[in-house]
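Asker: Contents of my_file-v2.pdb (PDB, C-alpha atoms, pLDDT in the B column):
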```pdb
ATOM      1  CA  VAL A   1     168.396 100.436  49.689  1.00 94.00           C
ATOM      2  CA  GLN A   2     165.568 102.810  48.867  1.00 96.00           C
ATOM      3  CA  LEU A   3     164.468 105.650  51.121  1.00 97.00           C
ATOM      4  CA  GLN A   4     161.112 107.408  50.922  1.00 96.00           C
ATOM      5  CA  ALA A   5     160.787 110.588  52.971  1.00 96.00           C
ATOM      6  CA  SER A   6     157.561 112.363  53.816  1.00 96.00           C
ATOM      7  CA  GLY A   7     156.010 114.742  56.294  1.00 97.00           C
ATOM      8  CA  GLY A   8     157.289 118.098  55.165  1.00 95.00           C
ATOM      9  CA  GLY A   9     155.115 121.133  54.747  1.00 96.00           C
ATOM     10  CA  LEU A  10     154.420 124.673  55.832  1.00 97.00           C
ATOM     11  CA  VAL A  11     154.611 125.296  59.558  1.00 97.00           C
ATOM     12  CA  GLN A  12     154.291 128.470  61.585  1.00 97.00           C
ATOM     13  CA  PRO A  13     157.197 129.581  63.752  1.00 98.00           C
ATOM     14  CA  GLY A  14     157.061 127.789  67.068  1.00 97.00           C
ATOM     15  CA  GLY A  15     155.220 124.860  65.550  1.00 98.00           C
ATOM     16  CA  SER A  16     156.128 121.207  65.301  1.00 97.00           C
ATOM     17  CA  LEU A  17     156.568 118.716  62.523  1.00 96.00           C
ATOM     18  CA  ARG A  18     157.315 115.020  62.233  1.00 98.00           C
ATOM     19  CA  LEU A  19     159.232 113.709  59.260  1.00 98.00           C
ATOM     20  CA  SER A  20     159.177 110.037  58.306  1.00 98.00           C
ATOM     21  CA  CYS A  21     161.481 107.994  56.132  1.00 98.00           C
ATOM     22  CA  VAL A  22     160.739 104.422  55.147  1.00 98.00           C
ATOM     23  CA  ALA A  23     163.656 102.220  54.188  1.00 97.00           C
ATOM     24  CA  SER A  24     163.298  99.254  51.876  1.00 95.00           C
ATOM     25  CA  GLY A  25     165.550  96.875  50.037  1.00 94.00           C
ATOM     26  CA  ASP A  26     168.683  95.507  51.714  1.00 92.00           C
ATOM     27  CA  ILE A  27     167.910  97.057  55.091  1.00 92.00           C
ATOM     28  CA  THR A  28     170.118  94.569  56.936  1.00 92.00           C
ATOM     29  CA  SER A  29     173.107  96.422  55.510  1.00 93.00           C
ATOM     30  CA  ILE A  30     172.101  99.677  57.229  1.00 95.00           C
ATOM     31  CA  HIS A  31     173.996 100.647  60.375  1.00 96.00           C
ATOM     32  CA  THR A  32     172.952 104.290  60.700  1.00 97.00           C
ATOM     33  CA  LEU A  33     169.965 106.331  59.611  1.00 97.00           C
ATOM     34  CA  GLY A  34     169.967 110.067  59.622  1.00 97.00           C
ATOM     35  CA  TRP A  35     168.368 113.325  58.633  1.00 98.00           C
ATOM     36  CA  TYR A  36     170.189 116.093  56.830  1.00 98.00           C
ATOM     37  CA  ARG A  37     168.982 119.383  55.468  1.00 98.00           C
ATOM     38  CA  GLN A  38     169.922 121.849  52.778  1.00 98.00           C
ATOM     39  CA  ALA A  39     168.734 125.417  52.690  1.00 96.00           C
ATOM     40  CA  PRO A  40     168.900 127.505  49.498  1.00 92.00           C
ATOM     41  CA  GLY A  41     172.444 128.609  48.820  1.00 94.00           C
ATOM     42  CA  LYS A  42     173.869 126.534  51.656  1.00 97.00           C
ATOM     43  CA  GLU A  43     175.593 123.203  51.929  1.00 97.00           C
ATOM     44  CA  ARG A  44     173.814 120.118  53.126  1.00 97.00           C
ATOM     45  CA  GLU A  45     174.251 119.647  56.871  1.00 98.00           C
ATOM     46  CA  LEU A  46     173.609 116.961  59.425  1.00 98.00           C
ATOM     47  CA  VAL A  47     170.527 117.313  61.620  1.00 98.00           C
ATOM     48  CA  ALA A  48     170.433 114.036  63.529  1.00 98.00           C
ATOM     49  CA  THR A  49     171.432 110.405  63.238  1.00 98.00           C
ATOM     50  CA  ILE A  50     170.521 107.163  64.971  1.00 98.00           C
ATOM     51  CA  SER A  51     172.556 103.997  64.883  1.00 97.00           C
ATOM     52  CA  SER A  52     171.475 100.390  64.815  1.00 94.00           C
ATOM     53  CA  ARG A  53     172.181 100.400  68.561  1.00 95.00           C
ATOM     54  CA  ASP A  54     169.923 103.450  69.003  1.00 96.00           C
ATOM     55  CA  ILE A  55     172.798 105.808  69.687  1.00 97.00           C
ATOM     56  CA  THR A  56     171.657 109.260  68.662  1.00 98.00           C
ATOM     57  CA  ARG A  57     173.557 112.324  67.572  1.00 97.00           C
ATOM     58  CA  TYR A  58     172.224 115.844  67.049  1.00 98.00           C
ATOM     59  CA  ALA A  59     173.518 119.002  65.483  1.00 98.00           C
ATOM     60  CA  ASP A  60     173.907 121.818  67.980  1.00 97.00           C
ATOM     61  CA  PHE A  61     171.242 123.897  66.254  1.00 96.00           C
ATOM     62  CA  VAL A  62     168.497 121.321  66.974  1.00 96.00           C
ATOM     63  CA  LYS A  63     169.535 120.051  70.403  1.00 92.00           C
ATOM     64  CA  GLY A  64     166.563 120.231  72.692  1.00 94.00           C
ATOM     65  CA  ARG A  65     164.201 120.804  69.767  1.00 97.00           C
ATOM     66  CA  ALA A  66     164.429 117.546  67.858  1.00 97.00           C
ATOM     67  CA  THR A  67     164.078 113.854  68.527  1.00 98.00           C
ATOM     68  CA  ILE A  68     165.171 111.160  66.120  1.00 98.00           C
ATOM     69  CA  SER A  69     163.729 107.702  66.543  1.00 97.00           C
ATOM     70  CA  LYS A  70     163.136 104.558  64.550  1.00 96.00           C
ATOM     71  CA  ASN A  71     160.689 101.737  64.355  1.00 95.00           C
ATOM     72  CA  ASN A  72     162.431  98.553  63.290  1.00 91.00           C
ATOM     73  CA  ALA A  73     159.113  96.816  62.728  1.00 92.00           C
ATOM     74  CA  ASN A  74     158.230  99.074  59.820  1.00 92.00           C
ATOM     75  CA  ASN A  75     161.761 100.167  58.863  1.00 94.00           C
ATOM     76  CA  THR A  76     160.960 103.809  59.484  1.00 97.00           C
ATOM     77  CA  VAL A  77     163.053 106.595  60.951  1.00 98.00           C
ATOM     78  CA  TYR A  78     161.349 109.679  62.329  1.00 98.00           C
ATOM     79  CA  LEU A  79     162.433 113.206  63.075  1.00 98.00           C
ATOM     80  CA  LEU A  80     160.205 115.169  65.401  1.00 98.00           C
ATOM     81  CA  MET A  81     161.055 118.838  65.446  1.00 97.00           C
ATOM     82  CA  SER A  82     159.476 121.438  67.679  1.00 97.00           C
ATOM     83  CA  SER A  83     159.895 125.155  68.336  1.00 97.00           C
ATOM     84  CA  LEU A  84     160.547 125.535  64.646  1.00 98.00           C
ATOM     85  CA  LYS A  85     162.235 128.696  63.417  1.00 97.00           C
ATOM     86  CA  PRO A  86     162.290 130.312  59.985  1.00 97.00           C
ATOM     87  CA  GLU A  87     165.950 129.293  59.713  1.00 96.00           C
ATOM     88  CA  ASP A  88     164.856 125.666  59.859  1.00 97.00           C
ATOM     89  CA  THR A  89     163.407 126.119  56.384  1.00 98.00           C
ATOM     90  CA  ALA A  90     165.163 123.659  54.098  1.00 98.00           C
ATOM     91  CA  VAL A  91     164.808 120.470  52.144  1.00 98.00           C
ATOM     92  CA  TYR A  92     165.219 117.609  54.578  1.00 98.00           C
ATOM     93  CA  TYR A  93     166.821 114.400  53.372  1.00 98.00           C
ATOM     94  CA  CYS A  94     167.071 111.034  55.012  1.00 98.00           C
ATOM     95  CA  LYS A  95     170.242 109.042  54.596  1.00 98.00           C
ATOM     96  CA  ALA A  96     171.220 105.462  55.240  1.00 97.00           C
ATOM     97  CA  ASP A  97     174.815 104.458  55.943  1.00 96.00           C
ATOM     98  CA  THR A  98     175.547 100.864  55.044  1.00 95.00           C
ATOM     99  CA  TRP A  99     178.264  98.322  55.665  1.00 93.00           C
ATOM    100  CA  SER A 100     178.601  97.574  51.972  1.00 90.00           C
ATOM    101  CA  LEU A 101     179.062  99.611  48.823  1.00 88.00           C
ATOM    102  CA  PRO A 102     178.065 102.281  48.045  1.00 90.00           C
ATOM    103  CA  TYR A 103     178.102 102.908  51.831  1.00 93.00           C
ATOM    104  CA  GLU A 104     175.421 105.601  51.697  1.00 95.00           C
ATOM    105  CA  TYR A 105     171.984 106.124  50.205  1.00 97.00           C
ATOM    106  CA  TRP A 106     169.874 109.265  50.082  1.00 97.00           C
ATOM    107  CA  GLY A 107     166.148 109.761  49.982  1.00 95.00           C
ATOM    108  CA  GLN A 108     164.498 112.261  47.667  1.00 93.00           C
ATOM    109  CA  GLY A 109     164.029 115.051  50.211  1.00 94.00           C
ATOM    110  CA  THR A 110     160.986 116.714  51.695  1.00 97.00           C
ATOM    111  CA  GLN A 111     160.507 120.482  51.903  1.00 98.00           C
ATOM    112  CA  VAL A 112     159.999 122.096  55.289  1.00 98.00           C
ATOM    113  CA  THR A 113     159.017 125.748  55.290  1.00 98.00           C
ATOM    114  CA  VAL A 114     158.689 127.670  58.526  1.00 98.00           C
ATOM    115  CA  SER A 115     156.828 130.889  57.957  1.00 97.00           C
ATOM    116  CA  SER A 116     153.922 132.889  59.266  1.00 95.00           C
TER
END
```
Starting from the coordinates I provided, produce the structure as structure tokens.

Answerer:
Amino acid sequence: VQLQASGGGLVQPGGSLRLSCVASGDITSIHTLGWYRQAPGKERELVATISSRDITRYADFVKGRATISKNNANNTVYLLMSSLKPEDTAVYYCKADTWSLPYEYWGQGTQVTVSS
């Protein structure tokens, strides 16, 4: 499985951003897609996930401000974030959890910077 993330950039506080991640390869082995983030000096943390049955899960810090969705036709998972805060600044990674080894794949990350 290969994951290609895009959509990051510089956004003003209060703004919105949509991240995209295209999956390719053995996509039938994927059961969950998700977004994680890592800020400088901090550990990587979960932002949101969506399962093959469209069950979604959000971290408390983005509830009400983020929507994860996927388009099975083009194998893409999206993360729409609004009301962005400076503390949302991080590298955002997409991840695929699979039924077979190695059980997880990571995309290359896309930088999101929230600043005026």

Asker: If you count only C-alpha atoms, which residues fall within 7 Å of stretch 94-97 of chain A, apart from same-chain ones fewer than 5 positions away, as JSON, numbers by chain?

Answerer: {"A": [5, 21, 30, 31, 32, 33, 34, 35, 36, 103, 104, 105, 106, 107, 109]}

Asker: Using all atoms listed in the file, can you tell me which of A:Ile55, A:Val11, A:Asp60, A:Ser100 comes closest to A:Thr28?

Answerer: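 Of the candidates, the smallest distance to A:Thr28 is held by A:Ser100.
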
Asker: Between A:Arg65, A:Arg53, A:Lys70, A:Arg44, single out the one closest to A:Gly14, counting all atoms listed in the file.

Answerer: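 Checking each candidate against A:Gly14, we get A:Arg65 as the closest.
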
Asker: Contacts of A:Thr56 at 12 Å or less, counting only C-alpha atoms, minus same-chain residues fewer than 5 places along, as number ranges by chain?

Answerer: A: 32-35, 47-51, 63, 66-70, 77, 79

Asker: Return the single residue from A:Thr89, A:Val1, A:Ser82, A:Ala23 that is closest to A:Lys42, with distances computed using all atoms listed in the file.

Answerer: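 The closest residue to A:Lys42 is A:Thr89.
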
Asker: Please determine, counting all atoms listed in the file, which residue among A:Leu46, A:Ala39, A:Leu101, A:Val91 has the shortest atom-to-atom distance to A:Ser6.

Answerer: A:Val91

Asker: Going by the chain IDs and residue numbers used in this file, which residues fall under the PyMOL selection byres ((chain A and resi 90) around 7)? Write them as a PyMOL selection string.

Answerer: chain A and resi 37-39+88-89+91-92+111-113

Asker: To one decimal place, how far is atom CA of A:Leu17 from atom CA of A:Ser83 in Å?

Answerer: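 That distance, rounded to one decimal, is 9.3 Å.
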
Asker: Using only C-alpha atoms, which residues sit within 9 Å of A:Lys85 once same-chain residues fewer than 4 positions away are excluded, as a PyMOL selection string?

Answerer: chain A and resi 12-15+89+114-115

Asker: Generate a file of the selected residues that holds C-alpha atoms, formatted as a CSV table (one decimal), in the coordinates of the input.

Answerer:
```csv
chain,number,residue,atom,x,y,z
A,12,GLN,CA,154.3,128.5,61.6
A,13,PRO,CA,157.2,129.6,63.8
A,14,GLY,CA,157.1,127.8,67.1
A,15,GLY,CA,155.2,124.9,65.6
A,89,THR,CA,163.4,126.1,56.4
A,114,VAL,CA,158.7,127.7,58.5
A,115,SER,CA,156.8,130.9,58.0
```

Asker: Atom CA of A:Leu10 to atom CA of A:Ser116: how many Å, to one decimal?

Answerer: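 These two atoms are separated by 8.9 Å.
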
Asker: Restricting the calculation to only C-alpha atoms: of A:Tyr93, A:Ser20, A:Ile27, A:Leu84, which residue gets closest to A:Glu45?

Answerer: A:Tyr93

Asker: Ranking A:Thr110, A:Met81, A:Arg57, A:Val22 by minimum distance to A:Gly7 and counting only C-alpha atoms, which one comes first?

Answerer: A:Thr110

Asker: Mind pulling up the distance from atom CA of A:Asn75 to atom CA of A:Ser52?

Answerer: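 It comes out at 11.4 Å.
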